[in-house]
file run-v1.pdb (PDB, C-alpha atoms and all ligand atoms)
MODEL        1
ATOM      1  CA  MET C   1     -24.572  16.625  -2.766  1.00  0.00           C
ATOM      2  CA  GLU C   2     -21.038  17.961  -2.396  1.00  0.00           C
ATOM      3  CA  ASN C   3     -18.378  17.113  -4.911  1.00  0.00           C
ATOM      4  CA  GLU C   4     -15.898  14.536  -3.754  1.00  0.00           C
ATOM      5  CA  GLU C   5     -12.367  15.684  -4.427  1.00  0.00           C
ATOM      6  CA  GLU C   6     -11.323  14.111  -7.657  1.00  0.00           C
ATOM      7  CA  LEU C   7      -9.143  11.082  -7.207  1.00  0.00           C
ATOM      8  CA  LYS C   8      -6.997   9.455  -9.847  1.00  0.00           C
ATOM      9  CA  ASP C   9      -4.854   6.374  -9.912  1.00  0.00           C
ATOM     10  CA  ILE C  10      -1.346   7.319  -8.794  1.00  0.00           C
ATOM     11  CA  GLU C  11       1.824   5.631  -9.986  1.00  0.00           C
ATOM     12  CA  ILE C  12       4.373   5.049  -7.226  1.00  0.00           C
ATOM     13  CA  ILE C  13       7.861   3.576  -7.450  1.00  0.00           C
ATOM     14  CA  CYS C  14       8.265   0.741  -4.991  1.00  0.00           C
ATOM     15  CA  ARG C  15      11.104   1.443  -2.586  1.00  0.00           C
ATOM     16  CA  ASP C  16      11.981  -2.254  -2.436  1.00  0.00           C
ATOM     17  CA  CYS C  17      11.915  -3.546  -6.012  1.00  0.00           C
ATOM     18  CA  LYS C  18      12.027  -0.103  -7.703  1.00  0.00           C
ATOM     19  CA  LYS C  19       9.175  -1.062  -9.985  1.00  0.00           C
ATOM     20  CA  PRO C  20       6.244   1.268 -10.536  1.00  0.00           C
ATOM     21  CA  PHE C  21       2.883   0.198  -9.192  1.00  0.00           C
ATOM     22  CA  ILE C  22      -0.563   1.766  -9.210  1.00  0.00           C
ATOM     23  CA  HIS C  23      -2.065   3.169  -6.044  1.00  0.00           C
ATOM     24  CA  SER C  24      -5.621   2.944  -7.291  1.00  0.00           C
ATOM     25  CA  VAL C  25      -8.512   5.238  -6.452  1.00  0.00           C
ATOM     26  CA  LYS C  26     -10.073   2.339  -4.582  1.00  0.00           C
ATOM     27  CA  ASP C  27      -6.920   1.953  -2.462  1.00  0.00           C
ATOM     28  CA  GLN C  28      -6.750   5.704  -1.880  1.00  0.00           C
ATOM     29  CA  LEU C  29     -10.310   5.685  -0.583  1.00  0.00           C
ATOM     30  CA  PHE C  30      -9.449   2.763   1.668  1.00  0.00           C
ATOM     31  CA  TYR C  31      -6.418   4.627   3.037  1.00  0.00           C
ATOM     32  CA  LYS C  32      -8.567   7.708   3.597  1.00  0.00           C
ATOM     33  CA  GLU C  33     -11.147   5.639   5.428  1.00  0.00           C
ATOM     34  CA  MET C  34      -8.451   4.146   7.642  1.00  0.00           C
ATOM     35  CA  ASN C  35      -7.018   7.651   8.254  1.00  0.00           C
ATOM     36  CA  PHE C  36      -3.642   6.647   6.829  1.00  0.00           C
ATOM     37  CA  GLN C  37      -1.710   9.848   6.158  1.00  0.00           C
ATOM     38  CA  ASN C  38       1.015   8.319   4.025  1.00  0.00           C
ATOM     39  CA  MET C  39       1.047   6.767   0.605  1.00  0.00           C
ATOM     40  CA  PRO C  40       2.166   3.173   0.398  1.00  0.00           C
ATOM     41  CA  LYS C  41       5.924   2.980  -0.182  1.00  0.00           C
ATOM     42  CA  ALA C  42       6.084  -0.580  -1.445  1.00  0.00           C
ATOM     43  CA  CYS C  43       4.111  -2.423  -4.087  1.00  0.00           C
ATOM     44  CA  PRO C  44       1.525  -5.013  -3.031  1.00  0.00           C
ATOM     45  CA  GLU C  45       3.899  -7.881  -3.877  1.00  0.00           C
ATOM     46  CA  CYS C  46       6.667  -6.517  -1.667  1.00  0.00           C
ATOM     47  CA  ARG C  47       4.244  -5.735   1.153  1.00  0.00           C
ATOM     48  CA  LYS C  48       2.907  -9.280   0.948  1.00  0.00           C
ATOM     49  CA  ALA C  49       6.428 -10.725   0.897  1.00  0.00           C
ATOM     50  CA  LYS C  50       7.353  -8.648   3.937  1.00  0.00           C
ATOM     51  CA  LYS C  51       4.233  -9.730   5.767  1.00  0.00           C
ATOM     52  CA  GLU C  52       4.952 -13.371   5.053  1.00  0.00           C
ATOM     53  CA  ALA C  53       8.546 -12.933   6.204  1.00  0.00           C
ATOM     54  CA  ASN C  54       7.263 -11.437   9.452  1.00  0.00           C
ATOM     55  CA  ASN C  55       4.852 -14.320   9.943  1.00  0.00           C
ATOM     56  CA  LYS C  56       7.687 -16.781   9.439  1.00  0.00           C
ATOM     57  CA  LYS C  57       9.877 -14.899  11.908  1.00  0.00           C
ATOM     58  CA  ASN C  58       7.104 -14.885  14.489  1.00  0.00           C
ATOM     59  CA  ARG C  59       6.683 -18.618  14.117  1.00  0.00           C
ATOM     60  CA  TYR C  60      10.376 -19.175  14.764  1.00  0.00           C
ATOM     61  CA  ASP C  61      10.355 -16.830  17.761  1.00  0.00           C
ATOM     62  CA  SER C  62       7.590 -18.628  19.584  1.00  0.00           C
TER      63      SER C  62
HETATM   64 ZN    ZN C 101       7.993  -3.908  -4.860  1.00  0.00          ZN
ENDMDL
END
call {"tool": "encode", "arguments": {"input": "run-v1.pdb", "output": "structure tokens"}}
result
Amino acid sequence: MENEEELKDIEIICRDCKKPFIHSVKDQLFYKEMNFQNMPKACPECRKAKKEANNKKNRYDS
């Protein structure tokens, strides 16, 4: 069996709240699987908040 390239948890500073968050090995594997080329730029909380804001906006638009 070939060696998987070694992955480690990465600490990233959220571009929205400027707080560090962990991009875990599990998340990195998920990103790889989805063929995402970029690292996440915002922490899970900010991404969730943004998603909810979008949902709200869509509701008002329709
Ligand atoms: Zn954040």
call {"tool": "atom_distance", "arguments": {"input": "run-v1.pdb", "atom1": "CA of Pro20 in chain C", "atom2": "CA of Ala53 in chain C"}}
result
22.1 Å
call {"tool": "atom_distance", "arguments": {"input": "run-v1.pdb", "atom1": "CA of Ile22 in chain C", "atom2": "CA of Cys43 in chain C"}}
result
8.1 Å
call {"tool": "residues_near_ligand", "arguments": {"input": "run-v1.pdb", "ligand": "ligand ZN 101 (chain C)", "cutoff": "12 Å", "atoms": "all atoms listed in the file", "output": "NGL selection string"}}
result
:C and (12-22 or 40-50)
call {"tool": "atom_distance", "arguments": {"input": "run-v1.pdb", "atom1": "CA of Lys32 in chain C", "atom2": "CA of Glu11 in chain C"}}
result
17.2 Å
call {"tool": "closest_residue", "arguments": {"input": "run-v1.pdb", "among": "C:Asp27, C:Glu33, C:Asp61, C:Glu52", "to": "Ile10 in chain C", "atoms": "all atoms listed in the file"}}
result
C:Asp27
